>>> print(open('model26.cif').read())   # mmCIF, C-alpha atoms
data_entry
loop_
_atom_site.label_atom_id
_atom_site.label_comp_id
_atom_site.auth_asym_id
_atom_site.auth_seq_id
_atom_site.Cartn_x
_atom_site.Cartn_y
_atom_site.Cartn_z
CA MET A 1 0.00 0.00 0.00
CA GLN A 2 2.97 2.33 0.26
CA ILE A 3 2.49 3.67 -3.26
CA LEU A 4 -0.58 5.61 -2.03
CA VAL A 5 1.16 7.64 0.62
CA ARG A 6 2.45 10.59 -1.38
CA LEU A 7 -1.15 11.49 -2.36
CA LEU A 8 -1.98 11.95 1.32
CA PHE A 9 0.89 14.33 2.09
CA THR A 10 -1.19 17.48 2.46
CA ILE A 11 -4.04 15.67 4.20
CA PHE A 12 -1.81 14.75 7.12
CA LEU A 13 -0.23 18.19 7.32
CA THR A 14 -3.67 19.79 7.27
CA PHE A 15 -5.06 17.72 10.11
CA SER A 16 -1.76 17.74 12.06
CA LEU A 17 -2.23 14.20 13.32
CA SER A 18 -0.96 13.61 16.80
CA LEU A 19 0.89 10.60 15.41
CA SER A 20 3.29 12.92 13.63
CA ALA A 21 4.22 14.53 16.91
CA HIS A 22 5.82 11.26 18.02
CA ALA A 23 8.19 11.20 15.04
CA LEU A 24 11.01 12.67 17.13
CA PRO A 25 14.54 13.07 15.74
CA SER A 26 16.76 10.09 16.48
CA GLN A 27 20.31 9.00 15.82
CA LYS A 28 21.30 8.55 12.21
CA ASP A 29 19.91 5.25 10.87
CA SER A 30 22.22 3.02 8.85
CA ILE A 31 20.36 2.37 5.60
CA GLN A 32 21.34 1.03 2.19
CA PRO A 33 18.28 1.18 -0.10
CA ALA A 34 18.41 -0.25 -3.60
CA LEU A 35 19.94 1.74 -6.45
CA TRP A 36 20.57 0.71 -10.07
CA GLN A 37 22.78 2.23 -12.75
CA VAL A 38 21.40 2.19 -16.30
CA GLU A 39 23.76 2.81 -19.22
CA HIS A 40 22.88 3.48 -22.86
CA HIS A 41 25.27 4.72 -25.56
CA GLY A 42 27.62 6.30 -23.04
CA THR A 43 24.97 8.01 -20.92
CA THR A 44 24.47 6.85 -17.33
CA SER A 45 21.13 7.20 -15.57
CA TYR A 46 19.90 5.82 -12.25
CA LEU A 47 16.89 3.91 -10.96
CA PHE A 48 16.14 4.25 -7.27
CA GLY A 49 13.61 2.25 -5.25
CA SER A 50 11.74 4.55 -2.90
CA ILE A 51 9.27 4.44 -0.07
CA HIS A 52 6.75 7.23 0.28
CA VAL A 53 7.08 7.83 4.01
CA GLY A 54 10.26 8.28 5.97
CA LYS A 55 12.23 9.37 9.00
CA GLU A 56 14.35 12.45 9.49
CA SER A 57 17.14 10.15 10.68
CA TRP A 58 17.44 8.65 7.18
CA TYR A 59 19.01 11.86 5.91
CA PRO A 60 21.44 12.56 4.46
CA LEU A 61 21.05 9.47 2.28
CA PRO A 62 24.07 7.22 1.59
CA PRO A 63 26.77 8.90 -0.57
CA SER A 64 26.20 6.56 -3.53
CA ILE A 65 22.60 7.79 -3.80
CA SER A 66 23.38 11.46 -3.24
CA THR A 67 26.19 11.31 -5.80
CA ALA A 68 23.94 9.64 -8.38
CA PHE A 69 21.37 12.41 -7.94
CA ASP A 70 24.02 15.14 -8.19
CA GLN A 71 25.35 13.62 -11.42
CA SER A 72 21.90 13.57 -13.04
CA SER A 73 20.32 16.37 -15.03
CA THR A 74 16.64 15.41 -14.70
CA LEU A 75 14.50 13.92 -11.91
CA VAL A 76 11.77 11.44 -12.88
CA VAL A 77 9.01 10.56 -10.39
CA GLU A 78 5.71 8.72 -10.53
CA LEU A 79 3.86 11.95 -9.74
CA ASN A 80 4.90 15.32 -8.38
CA SER A 81 2.85 15.10 -5.18
CA VAL A 82 3.72 18.61 -4.05
CA SER A 83 2.17 20.29 -7.10
CA HIS A 84 -1.06 18.26 -7.04
CA SER A 85 -2.02 18.41 -3.37
CA ASP A 86 -5.10 20.64 -3.78
CA ALA A 87 -6.61 18.42 -6.47
CA VAL A 88 -6.05 15.35 -4.30
CA GLN A 89 -7.85 16.86 -1.31
CA GLN A 90 -10.84 17.80 -3.45
CA ALA A 91 -11.06 14.36 -5.04
CA MET A 92 -10.93 12.57 -1.68
CA ALA A 93 -13.71 14.58 -0.04
CA LEU A 94 -17.39 13.63 -0.01
CA PRO A 95 -19.99 16.23 -1.09
CA HIS A 96 -20.82 18.76 1.60
CA GLY A 97 -23.37 17.40 4.06
CA THR A 98 -22.47 13.76 3.34
CA THR A 99 -20.49 11.58 5.74
CA LEU A 100 -18.55 8.37 5.43
CA GLN A 101 -20.85 6.76 7.99
CA GLN A 102 -23.71 7.18 5.51
CA GLN A 103 -21.68 5.39 2.83
CA LEU A 104 -20.72 2.31 4.86
CA THR A 105 -22.63 -0.57 6.39
CA PRO A 106 -23.00 -0.35 10.19
CA GLU A 107 -20.63 -3.31 10.58
CA THR A 108 -17.85 -1.67 8.57
CA PHE A 109 -18.26 1.68 10.28
CA LYS A 110 -18.03 -0.11 13.62
CA LYS A 111 -14.69 -1.59 12.50
CA LEU A 112 -13.51 1.86 11.45
CA THR A 113 -14.54 3.27 14.83
CA ALA A 114 -12.58 0.55 16.62
CA PHE A 115 -9.57 1.26 14.36
CA SER A 116 -9.82 4.94 15.29
CA VAL A 117 -9.83 4.14 19.00
CA THR A 118 -6.95 1.68 18.73
CA THR A 119 -4.70 3.96 16.67
CA GLY A 120 -5.66 7.23 18.35
CA VAL A 121 -6.63 8.82 15.03
CA PRO A 122 -9.80 10.95 15.39
CA LEU A 123 -12.80 9.55 13.55
CA ASP A 124 -13.50 13.07 12.30
CA ILE A 125 -10.53 12.71 9.94
CA PHE A 126 -12.20 9.82 8.12
CA ASN A 127 -15.82 10.95 8.15
CA PRO A 128 -15.59 13.65 5.43
CA MET A 129 -13.76 11.23 3.11
CA LYS A 130 -14.97 8.93 0.35
CA PRO A 131 -14.64 5.23 1.21
CA TRP A 132 -11.61 4.71 -1.06
CA ALA A 133 -9.94 7.76 0.47
CA ALA A 134 -10.59 6.51 4.01
CA ALA A 135 -8.99 3.19 3.05
CA ALA A 136 -5.94 4.98 1.62
CA ILE A 137 -5.55 7.07 4.77
CA ALA A 138 -5.98 4.05 7.04
CA SER A 139 -3.26 2.20 5.12
CA VAL A 140 -0.72 4.85 6.17
CA ILE A 141 -1.47 4.84 9.89
CA PRO A 142 0.71 1.78 10.77
CA TYR A 143 3.72 3.58 9.27
CA MET A 144 3.01 6.78 11.17
CA LYS A 145 2.71 4.81 14.39
CA GLN A 146 6.34 3.83 13.81
CA GLY A 147 7.42 7.43 13.38
CA LEU A 148 7.40 7.45 9.57
CA VAL A 149 5.68 10.43 7.98
CA PRO A 150 5.02 11.64 4.41
CA GLN A 151 7.05 14.84 4.79
CA PHE A 152 10.21 12.72 5.08
CA GLY A 153 9.25 10.42 2.21
CA ILE A 154 11.89 9.71 -0.42
CA ASP A 155 9.81 11.15 -3.26
CA VAL A 156 9.19 14.41 -1.45
CA HIS A 157 12.88 14.66 -0.54
CA PHE A 158 14.03 14.49 -4.15
CA ILE A 159 11.22 16.68 -5.49
CA GLU A 160 12.21 19.40 -3.03
CA ALA A 161 15.92 18.89 -3.72
CA ALA A 162 15.33 19.22 -7.47
CA ALA A 163 13.24 22.36 -6.99
CA LYS A 164 16.06 24.02 -5.02
CA ILE A 165 18.50 23.67 -7.92
CA ASN A 166 15.93 24.16 -10.70
CA MET A 167 16.40 20.59 -11.93
CA PRO A 168 13.66 19.60 -14.41
CA ILE A 169 11.10 17.15 -12.99
CA LYS A 170 9.31 14.68 -15.26
CA GLU A 171 6.22 12.71 -14.21
CA LEU A 172 5.43 9.17 -15.34
CA GLU A 173 1.71 9.55 -14.66
CA THR A 174 -1.03 12.15 -14.39
CA ILE A 175 -3.02 13.06 -11.31
CA GLU A 176 -6.17 11.84 -13.08
CA PHE A 177 -4.66 8.40 -13.59
CA GLN A 178 -3.49 8.15 -9.99
CA LEU A 179 -6.86 9.10 -8.54
CA ASN A 180 -8.67 6.68 -10.84
CA MET A 181 -6.30 3.92 -9.76
CA LEU A 182 -7.04 4.60 -6.10
CA GLU A 183 -10.76 4.41 -6.72
CA GLN A 184 -10.33 1.13 -8.56
CA LEU A 185 -8.14 -0.36 -5.83
CA PHE A 186 -10.63 0.46 -3.09
CA LYS A 187 -13.94 0.41 -4.94
CA GLU A 188 -15.29 -2.44 -2.81
CA GLU A 189 -16.09 -1.91 0.86
CA SER A 190 -14.25 -5.14 1.58
CA SER A 191 -11.01 -3.37 0.60
CA LEU A 192 -11.45 -0.94 3.48
CA ILE A 193 -12.05 -3.83 5.84
CA GLU A 194 -8.85 -5.53 4.63
CA VAL A 195 -6.85 -2.39 5.37
CA LEU A 196 -8.39 -1.99 8.82
CA GLU A 197 -7.56 -5.61 9.68
CA MET A 198 -4.05 -5.70 8.22
CA PRO A 199 -1.46 -6.48 10.93
CA SER A 200 0.95 -3.67 11.74
CA SER A 201 3.82 -6.15 11.40
CA ALA A 202 3.49 -5.87 7.61
CA ALA A 203 4.50 -2.22 7.78
CA THR A 204 7.45 -3.08 10.01
CA GLN A 205 8.67 -5.71 7.54
CA LEU A 206 8.38 -3.38 4.57
CA ILE A 207 10.48 -0.70 6.24
CA GLU A 208 13.13 -3.20 7.28
CA TYR A 209 13.36 -4.63 3.76
CA TRP A 210 13.62 -1.17 2.19
CA GLN A 211 16.32 -0.02 4.60
CA ARG A 212 18.59 -2.91 3.63
CA GLY A 213 17.69 -2.85 -0.07
CA ASP A 214 16.05 -6.28 -0.11
CA ILE A 215 13.92 -5.84 -3.21
CA ALA A 216 13.14 -9.55 -3.52
CA ALA A 217 11.63 -9.56 -0.03
CA ILE A 218 9.60 -6.44 -0.84
CA GLY A 219 8.26 -8.15 -3.95
CA HIS A 220 7.32 -11.25 -1.97
CA LEU A 221 5.59 -9.20 0.75
CA THR A 222 3.66 -7.19 -1.83
CA THR A 223 2.44 -10.38 -3.51
CA GLU A 224 1.30 -11.76 -0.16
CA GLN A 225 -0.65 -8.62 0.73
CA THR A 226 -2.46 -7.96 -2.53
CA SER A 227 -4.78 -9.76 -4.92
CA GLU A 228 -3.90 -10.51 -8.54
CA GLU A 229 -6.16 -7.66 -9.68
CA GLN A 230 -4.50 -5.21 -7.30
CA LEU A 231 -1.06 -6.35 -8.44
CA ARG A 232 -2.05 -5.76 -12.03
CA LEU A 233 -3.40 -2.28 -11.28
CA MET A 234 -0.61 -1.26 -8.91
CA LEU A 235 2.45 -2.79 -10.54
CA THR A 236 2.35 -4.89 -13.71
CA ASP A 237 0.30 -2.62 -15.99
CA ARG A 238 2.02 0.49 -14.75
CA ASN A 239 5.51 -0.94 -15.21
CA LEU A 240 4.77 -1.76 -18.83
CA GLU A 241 3.36 1.71 -19.43
CA TRP A 242 6.33 3.34 -17.72
CA LEU A 243 8.75 1.21 -19.73
CA THR A 244 7.76 2.99 -22.92
CA ARG A 245 8.23 6.43 -21.35
CA ILE A 246 11.48 5.56 -19.57
CA ARG A 247 12.97 3.93 -22.65
CA GLY A 248 12.41 7.15 -24.58
CA MET A 249 14.11 9.18 -21.86
CA LEU A 250 17.12 6.88 -21.60
CA GLN A 251 17.72 6.86 -25.35
CA GLY A 252 18.65 10.53 -25.19
CA THR A 253 21.89 12.13 -23.99
CA GLU A 254 20.63 13.44 -20.63
CA SER A 255 21.17 11.57 -17.38
CA HIS A 256 17.95 10.81 -15.50
CA PHE A 257 17.49 10.02 -11.80
CA ILE A 258 14.33 7.89 -11.72
CA VAL A 259 12.55 7.44 -8.40
CA VAL A 260 9.71 4.90 -8.18
CA GLY A 261 8.22 2.76 -5.43
CA ALA A 262 10.57 -0.08 -4.52
CA ALA A 263 7.97 -2.76 -5.32
CA HIS A 264 8.13 -1.68 -8.98
CA LEU A 265 11.71 -2.96 -9.16
CA ALA A 266 11.12 -6.54 -8.03
CA GLY A 267 11.10 -9.71 -10.08
CA GLU A 268 10.89 -10.56 -13.78
CA LYS A 269 8.24 -7.88 -14.35
CA GLY A 270 10.17 -5.23 -12.41
CA LEU A 271 11.73 -2.26 -14.21
CA PRO A 272 15.38 -3.45 -13.98
CA ALA A 273 14.48 -6.76 -15.63
CA LEU A 274 12.28 -5.08 -18.26
CA LEU A 275 14.99 -2.54 -19.14
CA THR A 276 17.57 -5.32 -19.42
CA GLU A 277 15.29 -7.10 -21.90
CA GLN A 278 15.18 -3.87 -23.91
CA GLY A 279 18.96 -3.89 -24.29
CA PHE A 280 19.99 -1.43 -21.58
CA LYS A 281 22.98 -2.20 -19.37
CA VAL A 282 21.45 -2.39 -15.90
CA LYS A 283 23.70 -2.86 -12.86
CA ARG A 284 22.84 -2.91 -9.16
CA VAL A 285 24.95 -0.28 -7.40
CA ASN A 286 24.24 -1.16 -3.79
CA PRO A 287 24.23 -2.93 -1.49
#
>>> encode(input="model26.cif", output="structure tokens")
Amino acid sequence: MQILVRLLFTIFLTFSLSLSAHALPSQKDSIQPALWQVEHHGTTSYLFGSIHVGKESWYPLPPSISTAFDQSSTLVVELNSVSHSDAVQQAMALPHGTTLQQQLTPETFKKLTAFSVTTGVPLDIFNPMKPWAAAAIASVIPYMKQGLVPQFGIDVHFIEAAAKINMPIKELETIEFQLNMLEQLFKEESSLIEVLEMPSSAATQLIEYWQRGDIAAIGHLTTEQTSEEQLRLMLTDRNLEWLTRIRGMLQGTESHFIVVGAAHLAGEKGLPALLTEQGFKVKRVNP
């Protein structure tokens, strides 16, 4: 579910969740997330597996990653979350005078109420939201309980870093596509229930795998947590669509620093494998 987080960035800042207050600075964490080098006709670009929440203690990132970014001329992200925050908030909200409680069965709303009590997140945060939006928000809570917040997400970090030096930023998708995908992922009420009942240990595992760059484990965990239809919507179809766009970028003379969710890099249908099939020289940089 981590690919949804960047769309919720402004929501959490707006409501100033008490969970964020517990994300206190800590000692520097030792991390080594996955980075690939992609070469084509003498031009070197980079492919970095991200996670869309983070800790302040992750920064600065390892030198190999910072150097790769500094050597690139263009940043490529799934979506520039910072520039689309207003549209996201509007799309997530129910019409005025309508509440989430009216949209859900009493049994599901009871589960949501229990989730609110257990996590300490006010129910008022969910009630103005469409069911799919409530599910997306709920999916982030286990990460925030561990002190991970969207404002320290990898995507946001590089978007802000690029803006400071006027580096061009390219998007792989549109805001319309992203919002439609969210609605498709959570169109059934059962999807909200699945999120509410998901064990917090899954979030812990994902963070641990990302920190040590274990992309295979991330791929396995993602497969365990999602249905075939969700995998198709979230990963497989998007990777194939991105492949066309990324291939066009890499065939030029500019160096690109490409940041996508780490799960998009796993397995035979992951971007490193797909780019290798297309004739690019793809090499894991670390660890």
>>> resolve_selection(input="model26.cif", expression="the PyMOL selection byres ((chain A and resi 156) around 10)", output="PyMOL selection string")
chain A and resi 6+9+52-54+77+80-82+150-155+157-162
>>> resolve_selection(input="model26.cif", expression="the PyMOL selection byres ((chain A and resi 286) around 8)", output="ChimeraX atom specification")
/A:32-36,64,213,284-285,287
>>> resolve_selection(input="model26.cif", expression="the PyMOL selection byres ((chain A and resi 96-100) around 12)", output="PyMOL selection string")
chain A and resi 90+92-95+101-106+108-110+112-113+123-135+189+192
>>> closest_residue(input="model26.cif", among="A:Met249, A:Met181, A:Ala266, A:Ile137", to="Leu221 (chain A)", atoms="all atoms listed in the file")
A:Ala266
>>> atom_distance(input="model26.cif", atom1="CA of Leu148 (chain A)", atom2="CA of Lys55 (chain A)")
5.2 Å
>>> residues_around(input="model26.cif", residues="Gln184 (chain A)", least_positions_apart="4", cutoff="12 Å", atoms="all atoms listed in the file", output="PyMOL selection string")
chain A and resi 131-133+135-136+177-180+188-189+191+229-234
>>> atom_distance(input="model26.cif", atom1="CA of Tyr143 (chain A)", atom2="CA of Trp210 (chain A)")
13.1 Å
>>> atom_distance(input="model26.cif", atom1="CA of Ile51 (chain A)", atom2="CA of Asp86 (chain A)")
22.0 Å
>>> residues_around(input="model26.cif", residues="Thr67 (chain A)", least_positions_apart="2", cutoff="12 Å", atoms="all atoms listed in the file", output="PyMOL selection string")
chain A and resi 35+37+45-46+60-65+69-72+257+285
>>> residues_around(input="model26.cif", residues="Thr236 (chain A)", least_positions_apart="4", cutoff="9 Å", atoms="all atoms listed in the file", output="list in words")
Leu231, Arg232, Leu240, Glu241, His264, Lys269 and Gly270 of chain A
